Structure formats: structure tokens, C-alpha cells
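Visitor: See upload38.cif below, with mmCIF, C-alpha atoms.
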data_final
loop_
_atom_site.group_PDB
_atom_site.id
_atom_site.type_symbol
_atom_site.label_atom_id
_atom_site.label_comp_id
_atom_site.auth_asym_id
_atom_site.auth_seq_id
_atom_site.Cartn_x
_atom_site.Cartn_y
_atom_site.Cartn_z
ATOM 1 C CA MET A 193 -43.916 -32.070 33.512
ATOM 2 C CA LYS A 194 -42.505 -34.276 36.215
ATOM 3 C CA ALA A 195 -40.554 -32.547 38.979
ATOM 4 C CA LEU A 196 -37.102 -33.843 39.642
ATOM 5 C CA PRO A 197 -36.639 -35.023 43.192
ATOM 6 C CA VAL A 198 -34.433 -32.803 45.300
ATOM 7 C CA GLU A 199 -32.247 -34.524 47.833
ATOM 8 C CA PRO A 200 -32.022 -32.379 50.942
ATOM 9 C CA THR A 201 -28.635 -32.097 52.523
ATOM 10 C CA ASN A 202 -27.951 -32.275 56.209
ATOM 11 C CA ALA A 203 -24.773 -30.262 55.820
ATOM 12 C CA PRO A 204 -25.195 -27.074 57.834
ATOM 13 C CA VAL A 205 -24.555 -23.760 56.133
ATOM 14 C CA ALA A 206 -22.295 -21.748 58.434
ATOM 15 C CA ILE A 207 -23.502 -18.144 58.287
ATOM 16 C CA GLY A 208 -23.140 -17.249 61.952
ATOM 17 C CA SER A 209 -19.707 -15.683 61.705
ATOM 18 C CA ARG A 210 -20.884 -13.494 58.814
ATOM 19 C CA ILE A 211 -23.913 -12.355 60.819
ATOM 20 C CA ARG A 212 -21.631 -11.568 63.779
ATOM 21 C CA ALA A 213 -19.220 -9.656 61.503
ATOM 22 C CA ALA A 214 -22.131 -7.647 60.043
ATOM 23 C CA ARG A 215 -23.411 -6.842 63.543
ATOM 24 C CA GLN A 216 -19.968 -5.735 64.666
ATOM 25 C CA ALA A 217 -19.479 -3.664 61.487
ATOM 26 C CA GLN A 218 -22.712 -1.840 62.384
ATOM 27 C CA ARG A 219 -21.298 -1.405 65.922
ATOM 28 C CA MET A 220 -24.372 -3.059 67.374
ATOM 29 C CA THR A 221 -24.566 -5.261 70.451
ATOM 30 C CA ILE A 222 -26.596 -8.467 70.541
ATOM 31 C CA GLU A 223 -28.962 -6.619 72.871
ATOM 32 C CA GLN A 224 -29.534 -3.877 70.282
ATOM 33 C CA VAL A 225 -30.144 -6.410 67.495
ATOM 34 C CA ALA A 226 -32.517 -8.340 69.742
ATOM 35 C CA ALA A 227 -34.494 -5.162 70.505
ATOM 36 C CA SER A 228 -34.638 -4.223 66.795
ATOM 37 C CA THR A 229 -35.640 -7.672 65.534
ATOM 38 C CA GLY A 230 -37.806 -9.004 68.353
ATOM 39 C CA LEU A 231 -35.549 -12.062 68.587
ATOM 40 C CA THR A 232 -34.026 -13.120 71.890
ATOM 41 C CA LYS A 233 -30.390 -12.522 72.808
ATOM 42 C CA GLY A 234 -29.933 -16.243 73.426
ATOM 43 C CA PHE A 235 -31.321 -17.148 70.008
ATOM 44 C CA LEU A 236 -29.094 -14.558 68.278
ATOM 45 C CA SER A 237 -26.070 -15.830 70.180
ATOM 46 C CA ARG A 238 -26.798 -19.400 69.034
ATOM 47 C CA VAL A 239 -27.276 -18.198 65.431
ATOM 48 C CA GLU A 240 -23.925 -16.375 65.517
ATOM 49 C CA ARG A 241 -22.239 -19.551 66.778
ATOM 50 C CA ASP A 242 -24.002 -21.702 64.144
ATOM 51 C CA LEU A 243 -25.729 -23.719 66.859
ATOM 52 C CA THR A 244 -29.159 -23.060 65.365
ATOM 53 C CA SER A 245 -30.537 -21.905 62.031
ATOM 54 C CA PRO A 246 -32.956 -18.982 61.821
ATOM 55 C CA SER A 247 -36.206 -19.262 59.899
ATOM 56 C CA VAL A 248 -36.427 -17.443 56.592
ATOM 57 C CA ALA A 249 -38.577 -14.734 58.223
ATOM 58 C CA SER A 250 -36.067 -14.264 61.061
ATOM 59 C CA LEU A 251 -33.184 -14.188 58.598
ATOM 60 C CA VAL A 252 -34.907 -11.529 56.451
ATOM 61 C CA THR A 253 -35.551 -9.372 59.532
ATOM 62 C CA LEU A 254 -31.995 -9.862 60.794
ATOM 63 C CA CYS A 255 -30.501 -8.900 57.434
ATOM 64 C CA GLN A 256 -32.685 -5.781 57.228
ATOM 65 C CA VAL A 257 -31.556 -4.633 60.676
ATOM 66 C CA LEU A 258 -27.904 -5.345 59.830
ATOM 67 C CA SER A 259 -28.150 -3.690 56.378
ATOM 68 C CA ILE A 260 -26.887 -6.726 54.476
ATOM 69 C CA SER A 261 -28.428 -8.846 51.760
ATOM 70 C CA ILE A 262 -29.294 -12.459 52.432
ATOM 71 C CA GLY A 263 -27.234 -13.447 49.405
ATOM 72 C CA ASP A 264 -24.084 -11.968 50.984
ATOM 73 C CA LEU A 265 -24.354 -14.542 53.776
ATOM 74 C CA PHE A 266 -23.989 -17.378 51.282
ATOM 75 C CA LEU A 267 -21.294 -16.013 48.946
ATOM 76 C CA VAL A 268 -18.199 -18.133 48.597
ATOM 77 C CA PRO A 269 -15.162 -15.868 48.936
ATOM 78 C CA GLU A 270 -12.653 -15.817 46.094
ATOM 79 C CA THR A 271 -9.553 -17.422 47.543
ATOM 80 C CA HIS A 272 -6.153 -17.890 45.920
ATOM 81 C CA LEU A 273 -3.435 -20.174 47.238
ATOM 82 C CA THR A 274 0.144 -19.553 46.184
ATOM 83 C CA ARG A 275 2.666 -22.156 47.255
ATOM 84 C CA LEU A 276 6.163 -20.725 47.568
ATOM 85 C CA GLU A 277 7.709 -23.214 45.143
ATOM 86 C CA GLU A 278 5.054 -22.304 42.534
ATOM 87 C CA ALA A 279 5.157 -18.529 43.072
ATOM 88 C CA PRO A 280 6.226 -16.761 39.870
ATOM 89 C CA ARG A 281 9.648 -15.169 39.818
ATOM 90 C CA ILE A 282 9.629 -11.454 39.151
ATOM 91 C CA SER A 283 12.318 -8.810 38.943
ATOM 92 C CA LEU A 284 11.907 -5.328 40.305
ATOM 93 C CA GLY A 285 15.594 -4.535 39.900
ATOM 94 C CA GLY A 286 18.708 -4.767 41.982
ATOM 95 C CA GLN A 287 21.650 -7.144 42.207
ATOM 96 C CA GLY A 288 21.759 -10.464 44.022
ATOM 97 C CA ILE A 289 18.033 -10.734 44.618
ATOM 98 C CA ASN A 290 15.531 -13.508 43.905
ATOM 99 C CA GLU A 291 11.948 -12.219 44.083
ATOM 100 C CA ARG A 292 8.711 -14.196 44.007
ATOM 101 C CA LEU A 293 5.199 -12.815 43.754
ATOM 102 C CA LEU A 294 3.221 -14.420 46.593
ATOM 103 C CA THR A 295 -0.184 -12.947 45.746
ATOM 104 C CA ALA A 296 -2.202 -13.816 42.662
ATOM 105 C CA ARG A 297 -1.300 -11.729 39.610
ATOM 106 C CA SER A 298 -4.972 -10.721 39.399
ATOM 107 C CA GLU A 299 -4.993 -9.327 42.959
ATOM 108 C CA ARG A 300 -5.234 -5.527 42.823
ATOM 109 C CA ARG A 301 -5.878 -4.654 46.480
ATOM 110 C CA LEU A 302 -2.365 -5.535 47.566
ATOM 111 C CA GLN A 303 0.750 -7.295 46.424
ATOM 112 C CA MET A 304 3.173 -9.343 48.493
ATOM 113 C CA ILE A 305 6.673 -10.140 47.285
ATOM 114 C CA ARG A 306 9.165 -12.448 48.999
ATOM 115 C CA ALA A 307 12.774 -11.570 48.279
ATOM 116 C CA VAL A 308 15.872 -13.599 49.101
ATOM 117 C CA VAL A 309 18.853 -11.251 48.972
ATOM 118 C CA GLU A 310 22.336 -12.692 48.583
ATOM 119 C CA PRO A 311 25.145 -11.485 50.857
ATOM 120 C CA HIS A 312 25.916 -7.864 49.918
ATOM 121 C CA GLY A 313 23.068 -7.771 47.374
ATOM 122 C CA ARG A 314 21.803 -4.280 46.671
ATOM 123 C CA GLY A 315 19.056 -2.265 45.061
ATOM 124 C CA GLU A 316 19.451 0.246 42.266
ATOM 125 C CA ASP A 317 22.222 2.852 42.637
ATOM 126 C CA GLU A 318 19.634 5.578 42.043
ATOM 127 C CA LEU A 319 16.771 5.929 44.500
ATOM 128 C CA TYR A 320 13.510 4.604 43.052
ATOM 129 C CA SER A 321 9.844 4.625 44.035
ATOM 130 C CA VAL A 322 6.982 2.193 43.529
ATOM 131 C CA ASP A 323 3.566 3.160 42.167
ATOM 132 C CA CYS A 324 1.477 2.349 45.247
ATOM 133 C CA GLU A 325 0.066 4.213 48.255
ATOM 134 C CA VAL A 326 1.729 2.259 51.064
ATOM 135 C CA GLU A 327 4.758 0.015 51.099
ATOM 136 C CA THR A 328 5.762 -2.256 53.956
ATOM 137 C CA LEU A 329 9.044 -4.090 54.353
ATOM 138 C CA HIS A 330 9.326 -6.928 56.873
ATOM 139 C CA VAL A 331 12.654 -8.646 57.533
ATOM 140 C CA VAL A 332 12.128 -12.385 57.985
ATOM 141 C CA GLU A 333 15.797 -13.440 58.226
ATOM 142 C CA GLY A 334 19.140 -11.704 58.320
ATOM 143 C CA ARG A 335 19.926 -7.991 58.222
ATOM 144 C CA PHE A 336 18.710 -5.401 55.743
ATOM 145 C CA VAL A 337 19.268 -1.679 55.202
ATOM 146 C CA LEU A 338 16.530 0.543 53.782
ATOM 147 C CA ILE A 339 17.820 3.895 52.499
ATOM 148 C CA PHE A 340 15.761 7.064 51.949
ATOM 149 C CA PRO A 341 16.965 10.497 50.784
ATOM 150 C CA ASN A 342 17.311 11.740 54.372
ATOM 151 C CA ASP A 343 17.162 8.579 56.459
ATOM 152 C CA ARG A 344 18.515 5.070 56.785
ATOM 153 C CA TYR A 345 17.069 2.092 58.663
ATOM 154 C CA ASP A 346 19.344 -0.743 59.782
ATOM 155 C CA LEU A 347 16.923 -3.640 60.211
ATOM 156 C CA GLU A 348 17.146 -7.108 61.718
ATOM 157 C CA ALA A 349 14.885 -10.164 61.599
ATOM 158 C CA GLY A 350 11.445 -9.258 62.910
ATOM 159 C CA ASP A 351 11.684 -5.530 62.084
ATOM 160 C CA THR A 352 9.035 -3.888 59.895
ATOM 161 C CA VAL A 353 9.007 -0.469 58.212
ATOM 162 C CA THR A 354 5.912 1.125 56.648
ATOM 163 C CA PHE A 355 6.254 4.148 54.381
ATOM 164 C CA PRO A 356 4.547 5.954 51.482
ATOM 165 C CA GLY A 357 4.953 3.879 48.330
ATOM 166 C CA ARG A 358 6.053 6.790 46.219
ATOM 167 C CA GLU A 359 8.891 7.678 48.623
ATOM 168 C CA PRO A 360 12.248 7.314 46.824
ATOM 169 C CA HIS A 361 14.388 4.593 48.381
ATOM 170 C CA THR A 362 16.875 1.808 47.790
ATOM 171 C CA TRP A 363 18.244 -1.033 49.886
ATOM 172 C CA LEU A 364 21.141 -3.365 50.584
ATOM 173 C CA ASN A 365 22.082 -6.496 52.463
ATOM 174 C CA PRO A 366 25.077 -5.396 54.567
ATOM 175 C CA ASP A 367 25.789 -8.878 55.829
ATOM 176 C CA GLY A 368 27.832 -11.857 54.689
ATOM 177 C CA ARG A 369 24.722 -14.042 54.830
ATOM 178 C CA GLU A 370 21.404 -14.177 53.027
ATOM 179 C CA ALA A 371 18.504 -11.939 53.996
ATOM 180 C CA VAL A 372 14.839 -12.798 53.441
ATOM 181 C CA VAL A 373 12.351 -9.934 53.286
ATOM 182 C CA LEU A 374 8.660 -9.483 52.504
ATOM 183 C CA TRP A 375 7.499 -6.415 50.597
ATOM 184 C CA THR A 376 3.796 -5.559 50.748
ATOM 185 C CA LEU A 377 2.421 -2.966 48.322
ATOM 186 C CA VAL A 378 -1.036 -1.409 48.787
ATOM 187 C CA PRO A 379 -2.700 -1.273 46.340
ATOM 188 C CA ALA A 380 -0.815 -3.629 44.043
ATOM 189 C CA ALA A 381 1.743 -1.787 41.937
ATOM 190 C CA SER A 382 0.684 -1.482 38.318
ATOM 191 C CA GLY A 383 2.490 -3.309 35.549
ATOM 192 C CA LYS A 384 3.522 -6.489 37.406
#
So that I can check it, write out the structure of this file as C-alpha cells.
Guide:
Amino acid sequence: MKALPVEPTNAPVAIGSRIRAARQAQRMTIEQVAASTGLTKGFLSRVERDLTSPSVASLVTLCQVLSISIGDLFLVPETHLTRLEEAPRISLGGQGINERLLTARSERRLQMIRAVVEPHGRGEDELYSVDCEVETLHVVEGRFVLIFPNDRYDLEAGDTVTFPGREPHTWLNPDGREAVVLWTLVPAASGK
């Protein structure tokens, strides 16, 4: 059987930042990795900056010391792009609100929702809660009021509130102009 020719590529594979991240996750200095692997600090620094490529033997040793698999260095991360104009409209309730899901529907680690609230728009009359651990509200434009059973936050552009997701709350736009807010739910609320 004739072997098919393989065309080598000169495109460098950038793994340095992943090696650096693994080292930092292990809370190791370059000096400690150098001592554990027998590689020089200068060589490791160049590897982390993708200025040189380690041999297979050096890479195996480095991965063993950093407790990562070689394959992890070459994984392509799953990335989703959502353009605002293509973000699906959703409705979590309330009056005078236009909500768009900014994260992929398949994303379960977190969920980000952009809401444009008309002047004097408001949430449900009854307090409600969301099925998530943590909820964050960030006011991008305008004014916004977040209401809890025993507290009330009058927010302006740039303000952010983080609270337990299951905490009953509601909201309103007290102003005569639009408000734009970002809700982040961790993990993603079920049923969206």
C-alpha cells in the first residue's frame, strides 16, 4: 500500500497560553516547573510565550508535572457568537419589556439576557423568583428599580446588583425614558 504524502504545515500551534494557565492553576512558578522538569526557566518562558516549541519528550514531562493531558493543549474551545440583531426574543414576564437571549440556548453554565424596558415598564405585580443560584442585574442605560420583600435598590447606568437567584423580586423603570439592563443567571435557568 502506498503512503499518502503528508504536507507539513508551518503554521505554529499556539499552546503557550494554555501551558501558562495550567501552571498558574497549579499555583506553580516557572522556577518550580523548571526544577520539576529539568527544563530551564528561559526555555519554559519562551514556550509559554509561543516563541519556541517543546520536543515531544519535553511536552510529555511538562504535562505530567502540570497534571494535564497533552490532548487538552490542542482542544478547540466550543465558542458561540450571538449578534444582538439575531438574538432570539424571549419573554420572562412583565409589561413594556423587550428581552433577548444573548447566550446560546444550549449554554447551561450561565444565561445572559438583554432587556430594553420602556418608560414606566414594570415586572410582575407579585414578587417572583428565578430557578438559578445567582442572579446579576447590570444597568447599561437609564434608571431601574429592583424590589425585594424587604429592600429596594434605585439603580442608575453602571450599577450592578448580585443576589441569590431564588430571592423573590420584581422591578420597574421609574423614568420617562428607556432603560437597558443585562440579567445574568448562573447556572442558566431551566425551561428557556
Visitor: For the file shown, what are the residues hit by the PyMOL selection byres ((chain A and resi 325) around 10), laid out as a tab-separated table (two decimals) with C-alpha atoms, keeping the file's coordinate frame?
Guide:
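Okay, this is what ended up in selection15.tsv:
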chain	number	residue	atom	x	y	z
A	322	VAL	CA	6.98	2.19	43.53
A	323	ASP	CA	3.57	3.16	42.17
A	324	CYS	CA	1.48	2.35	45.25
A	326	VAL	CA	1.73	2.26	51.06
A	327	GLU	CA	4.76	0.02	51.10
A	355	PHE	CA	6.25	4.15	54.38
A	356	PRO	CA	4.55	5.95	51.48
A	357	GLY	CA	4.95	3.88	48.33
A	358	ARG	CA	6.05	6.79	46.22
A	359	GLU	CA	8.89	7.68	48.62
A	377	LEU	CA	2.42	-2.97	48.32
A	378	VAL	CA	-1.04	-1.41	48.79
A	379	PRO	CA	-2.70	-1.27	46.34
A	380	ALA	CA	-0.82	-3.63	44.04
A	381	ALA	CA	1.74	-1.79	41.94
Visitor: Show which residues sit within 9 Å of Gly350 of chain A, as a ChimeraX atom specification. Count only C-alpha atoms, and ignore same-chain residues fewer than 2 positions away.
Guide: /A:330-333,347-348,352
Visitor: Pull C-alpha atoms from the residues just selected and write them as a CSV table (one decimal), in the frame of the given file.
Guide:
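Output saved as result.csv:
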chain,number,residue,atom,x,y,z
A,330,HIS,CA,9.3,-6.9,56.9
A,331,VAL,CA,12.7,-8.6,57.5
A,332,VAL,CA,12.1,-12.4,58.0
A,333,GLU,CA,15.8,-13.4,58.2
A,347,LEU,CA,16.9,-3.6,60.2
A,348,GLU,CA,17.1,-7.1,61.7
A,352,THR,CA,9.0,-3.9,59.9
Visitor: Can you tell me which residues surround Arg314 of chain A at a distance of at most 10 Å, considering all atoms listed in the file, apart from same-chain residues fewer than 2 positions away, and format the answer as a JSON list (two decimals) with C-alpha atoms, in the frame of the given file?
Guide:
[["chain", "number", "residue", "atom", "x", "y", "z"],
["A", 285, "GLY", "CA", 15.59, -4.54, 39.90],
["A", 286, "GLY", "CA", 18.71, -4.77, 41.98],
["A", 287, "GLN", "CA", 21.65, -7.14, 42.21],
["A", 288, "GLY", "CA", 21.76, -10.46, 44.02],
["A", 289, "ILE", "CA", 18.03, -10.73, 44.62],
["A", 309, "VAL", "CA", 18.85, -11.25, 48.97],
["A", 310, "GLU", "CA", 22.34, -12.69, 48.58],
["A", 311, "PRO", "CA", 25.14, -11.48, 50.86],
["A", 312, "HIS", "CA", 25.92, -7.86, 49.92],
["A", 316, "GLU", "CA", 19.45, 0.25, 42.27],
["A", 317, "ASP", "CA", 22.22, 2.85, 42.64],
["A", 336, "PHE", "CA", 18.71, -5.40, 55.74],
["A", 337, "VAL", "CA", 19.27, -1.68, 55.20],
["A", 362, "THR", "CA", 16.88, 1.81, 47.79],
["A", 363, "TRP", "CA", 18.24, -1.03, 49.89],
["A", 364, "LEU", "CA", 21.14, -3.36, 50.58],
["A", 365, "ASN", "CA", 22.08, -6.50, 52.46],
["A", 366, "PRO", "CA", 25.08, -5.40, 54.57]]
Visitor: Considering all atoms listed in the file, can you say which of A:Val257, A:Leu267, A:Leu329, A:Val252 comes closest to Tyr345 of chain A?
Guide: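 Of A:Val257, A:Leu267, A:Leu329, A:Val252, the one nearest Tyr345 of chain A, counting all atoms listed in the file, is A:Leu329.
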Visitor: Rounded to one decimal in Å, what is the spacing between atom CA of Thr295 of chain A and atom CA of Thr274 of chain A?
Guide: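 Going from atom CA of Thr295 of chain A over to atom CA of Thr274 of chain A, I get 6.6 Å.
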Visitor: Report the distance between atom CA of Ala307 of chain A and atom CA of His272 of chain A in Å, rounded to one decimal place.
Guide: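 According to the coordinates, atom CA of Ala307 of chain A and atom CA of His272 of chain A are separated by 20.1 Å.
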Visitor: So, with all atoms listed in the file as the atoms that count, which of A:Leu231, A:Val225, A:Leu273, A:Ile262 lies closest to Ser250 of chain A?
Guide: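 The closest residue to Ser250 of chain A is A:Leu231.
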Visitor: Using all atoms listed in the file for the distances, tell me which of A:Thr376, A:Asn290, A:Ser261, A:Thr354 is nearest to Gln303 of chain A.
Guide: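 Closest candidate: A:Thr376.
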Visitor: What is the distance between atom CA of Phe340 of chain A and atom CA of Gly313 of chain A, in Å to one decimal?
Guide: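 Between these atoms lies a distance of 17.2 Å.
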Visitor: Determine the residue set returned by the PyMOL selection byres ((chain A and resi 229) around 10) for the present structure, and present it as an NGL selection string.
Guide: :A and (223-228 or 230-232 or 236 or 250-258)
Visitor: Include C-alpha atoms and write out the residues we just selected as an mmCIF file, keeping the file's coordinate frame.
Guide:
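Result file is result06.cif:
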data_model
loop_
_atom_site.group_PDB
_atom_site.id
_atom_site.type_symbol
_atom_site.label_atom_id
_atom_site.label_comp_id
_atom_site.auth_asym_id
_atom_site.auth_seq_id
_atom_site.Cartn_x
_atom_site.Cartn_y
_atom_site.Cartn_z
ATOM 1 C CA GLU A 223 -28.962 -6.619 72.871
ATOM 2 C CA GLN A 224 -29.534 -3.877 70.282
ATOM 3 C CA VAL A 225 -30.144 -6.410 67.495
ATOM 4 C CA ALA A 226 -32.517 -8.340 69.742
ATOM 5 C CA ALA A 227 -34.494 -5.162 70.505
ATOM 6 C CA SER A 228 -34.638 -4.223 66.795
ATOM 7 C CA GLY A 230 -37.806 -9.004 68.353
ATOM 8 C CA LEU A 231 -35.549 -12.062 68.587
ATOM 9 C CA THR A 232 -34.026 -13.120 71.890
ATOM 10 C CA LEU A 236 -29.094 -14.558 68.278
ATOM 11 C CA SER A 250 -36.067 -14.264 61.061
ATOM 12 C CA LEU A 251 -33.184 -14.188 58.598
ATOM 13 C CA VAL A 252 -34.907 -11.529 56.451
ATOM 14 C CA THR A 253 -35.551 -9.372 59.532
ATOM 15 C CA LEU A 254 -31.995 -9.862 60.794
ATOM 16 C CA CYS A 255 -30.501 -8.900 57.434
ATOM 17 C CA GLN A 256 -32.685 -5.781 57.228
ATOM 18 C CA VAL A 257 -31.556 -4.633 60.676
ATOM 19 C CA LEU A 258 -27.904 -5.345 59.830
#
Visitor: Would you fill the gaps in segment 298-326 of chain A so it has N, CA and C atoms, then print it as a PDB file, in the coordinates of the input?
Guide:
ATOM      1  N   SER A 298      -3.719 -11.461  39.581  1.00  0.00           N
ATOM      2  CA  SER A 298      -4.972 -10.721  39.399  1.00  0.00           C
ATOM      3  C   SER A 298      -5.348  -9.877  40.613  1.00  0.00           C
ATOM      4  N   GLU A 299      -4.674 -10.071  41.734  1.00  0.00           N
ATOM      5  CA  GLU A 299      -4.993  -9.327  42.959  1.00  0.00           C
ATOM      6  C   GLU A 299      -4.580  -7.867  42.802  1.00  0.00           C
ATOM      7  N   ARG A 300      -5.518  -6.954  42.989  1.00  0.00           N
ATOM      8  CA  ARG A 300      -5.234  -5.527  42.823  1.00  0.00           C
ATOM      9  C   ARG A 300      -5.258  -4.759  44.141  1.00  0.00           C
ATOM     10  N   ARG A 301      -5.787  -5.366  45.199  1.00  0.00           N
ATOM     11  CA  ARG A 301      -5.878  -4.654  46.480  1.00  0.00           C
ATOM     12  C   ARG A 301      -4.530  -4.535  47.163  1.00  0.00           C
ATOM     13  N   LEU A 302      -3.698  -5.567  46.999  1.00  0.00           N
ATOM     14  CA  LEU A 302      -2.365  -5.535  47.566  1.00  0.00           C
ATOM     15  C   LEU A 302      -1.496  -6.529  46.837  1.00  0.00           C
ATOM     16  N   GLN A 303      -0.211  -6.409  47.069  1.00  0.00           N
ATOM     17  CA  GLN A 303       0.750  -7.295  46.424  1.00  0.00           C
ATOM     18  C   GLN A 303       1.806  -7.644  47.462  1.00  0.00           C
ATOM     19  N   MET A 304       2.142  -8.917  47.561  1.00  0.00           N
ATOM     20  CA  MET A 304       3.173  -9.343  48.493  1.00  0.00           C
ATOM     21  C   MET A 304       4.281 -10.043  47.708  1.00  0.00           C
ATOM     22  N   ILE A 305       5.508  -9.617  47.982  1.00  0.00           N
ATOM     23  CA  ILE A 305       6.673 -10.140  47.285  1.00  0.00           C
ATOM     24  C   ILE A 305       7.669 -10.651  48.321  1.00  0.00           C
ATOM     25  N   ARG A 306       8.137 -11.871  48.127  1.00  0.00           N
ATOM     26  CA  ARG A 306       9.165 -12.448  48.999  1.00  0.00           C
ATOM     27  C   ARG A 306      10.488 -12.350  48.257  1.00  0.00           C
ATOM     28  N   ALA A 307      11.470 -11.753  48.910  1.00  0.00           N
ATOM     29  CA  ALA A 307      12.774 -11.570  48.279  1.00  0.00           C
ATOM     30  C   ALA A 307      13.858 -12.238  49.126  1.00  0.00           C
ATOM     31  N   VAL A 308      14.681 -13.026  48.467  1.00  0.00           N
ATOM     32  CA  VAL A 308      15.872 -13.599  49.101  1.00  0.00           C
ATOM     33  C   VAL A 308      17.041 -12.815  48.519  1.00  0.00           C
ATOM     34  N   VAL A 309      17.770 -12.137  49.403  1.00  0.00           N
ATOM     35  CA  VAL A 309      18.853 -11.251  48.972  1.00  0.00           C
ATOM     36  C   VAL A 309      20.182 -11.881  49.359  1.00  0.00           C
ATOM     37  N   GLU A 310      21.021 -12.099  48.360  1.00  0.00           N
ATOM     38  CA  GLU A 310      22.336 -12.692  48.583  1.00  0.00           C
ATOM     39  C   GLU A 310      23.187 -11.785  49.472  1.00  0.00           C
ATOM     40  N   PRO A 311      24.236 -12.336  50.084  1.00  0.00           N
ATOM     41  CA  PRO A 311      25.145 -11.485  50.857  1.00  0.00           C
ATOM     42  C   PRO A 311      25.612 -10.306  49.997  1.00  0.00           C
ATOM     43  N   HIS A 312      25.500  -9.117  50.542  1.00  0.00           N
ATOM     44  CA  HIS A 312      25.916  -7.864  49.918  1.00  0.00           C
ATOM     45  C   HIS A 312      25.123  -7.515  48.660  1.00  0.00           C
ATOM     46  N   GLY A 313      23.954  -8.153  48.471  1.00  0.00           N
ATOM     47  CA  GLY A 313      23.068  -7.771  47.374  1.00  0.00           C
ATOM     48  C   GLY A 313      22.584  -6.350  47.608  1.00  0.00           C
ATOM     49  N   ARG A 314      22.191  -5.681  46.523  1.00  0.00           N
ATOM     50  CA  ARG A 314      21.803  -4.280  46.671  1.00  0.00           C
ATOM     51  C   ARG A 314      20.760  -3.878  45.639  1.00  0.00           C
ATOM     52  N   GLY A 315      20.035  -2.826  45.973  1.00  0.00           N
ATOM     53  CA  GLY A 315      19.056  -2.265  45.061  1.00  0.00           C
ATOM     54  C   GLY A 315      19.739  -1.377  44.039  1.00  0.00           C
ATOM     55  N   GLU A 316      18.932  -0.660  43.286  1.00  0.00           N
ATOM     56  CA  GLU A 316      19.451   0.246  42.266  1.00  0.00           C
ATOM     57  C   GLU A 316      20.358   1.292  42.907  1.00  0.00           C
ATOM     58  N   ASP A 317      21.351   1.782  42.141  1.00  0.00           N
ATOM     59  CA  ASP A 317      22.222   2.852  42.637  1.00  0.00           C
ATOM     60  C   ASP A 317      21.435   4.141  42.837  1.00  0.00           C
ATOM     61  N   GLU A 318      20.508   4.411  41.935  1.00  0.00           N
ATOM     62  CA  GLU A 318      19.634   5.578  42.043  1.00  0.00           C
ATOM     63  C   GLU A 318      18.439   5.212  42.916  1.00  0.00           C
ATOM     64  N   LEU A 319      17.979   6.166  43.724  1.00  0.00           N
ATOM     65  CA  LEU A 319      16.771   5.929  44.500  1.00  0.00           C
ATOM     66  C   LEU A 319      15.602   5.744  43.536  1.00  0.00           C
ATOM     67  N   TYR A 320      14.678   4.874  43.890  1.00  0.00           N
ATOM     68  CA  TYR A 320      13.510   4.604  43.052  1.00  0.00           C
ATOM     69  C   TYR A 320      12.263   4.627  43.921  1.00  0.00           C
ATOM     70  N   SER A 321      11.095   4.700  43.291  1.00  0.00           N
ATOM     71  CA  SER A 321       9.844   4.625  44.035  1.00  0.00           C
ATOM     72  C   SER A 321       8.922   3.638  43.321  1.00  0.00           C
ATOM     73  N   VAL A 322       7.930   3.181  44.043  1.00  0.00           N
ATOM     74  CA  VAL A 322       6.982   2.193  43.529  1.00  0.00           C
ATOM     75  C   VAL A 322       5.611   2.863  43.438  1.00  0.00           C
ATOM     76  N   ASP A 323       4.872   2.564  42.387  1.00  0.00           N
ATOM     77  CA  ASP A 323       3.566   3.160  42.167  1.00  0.00           C
ATOM     78  C   ASP A 323       2.502   2.470  43.030  1.00  0.00           C
ATOM     79  N   CYS A 324       2.492   2.835  44.314  1.00  0.00           N
ATOM     80  CA  CYS A 324       1.477   2.349  45.247  1.00  0.00           C
ATOM     81  C   CYS A 324       1.329   3.387  46.350  1.00  0.00           C
ATOM     82  N   GLU A 325       0.307   3.250  47.169  1.00  0.00           N
ATOM     83  CA  GLU A 325       0.066   4.213  48.255  1.00  0.00           C
ATOM     84  C   GLU A 325       0.936   3.926  49.468  1.00  0.00           C
ATOM     85  N   VAL A 326       1.015   2.656  49.854  1.00  0.00           N
ATOM     86  CA  VAL A 326       1.729   2.259  51.064  1.00  0.00           C
ATOM     87  C   VAL A 326       2.630   1.081  50.737  1.00  0.00           C
TER      88      VAL A 326
END
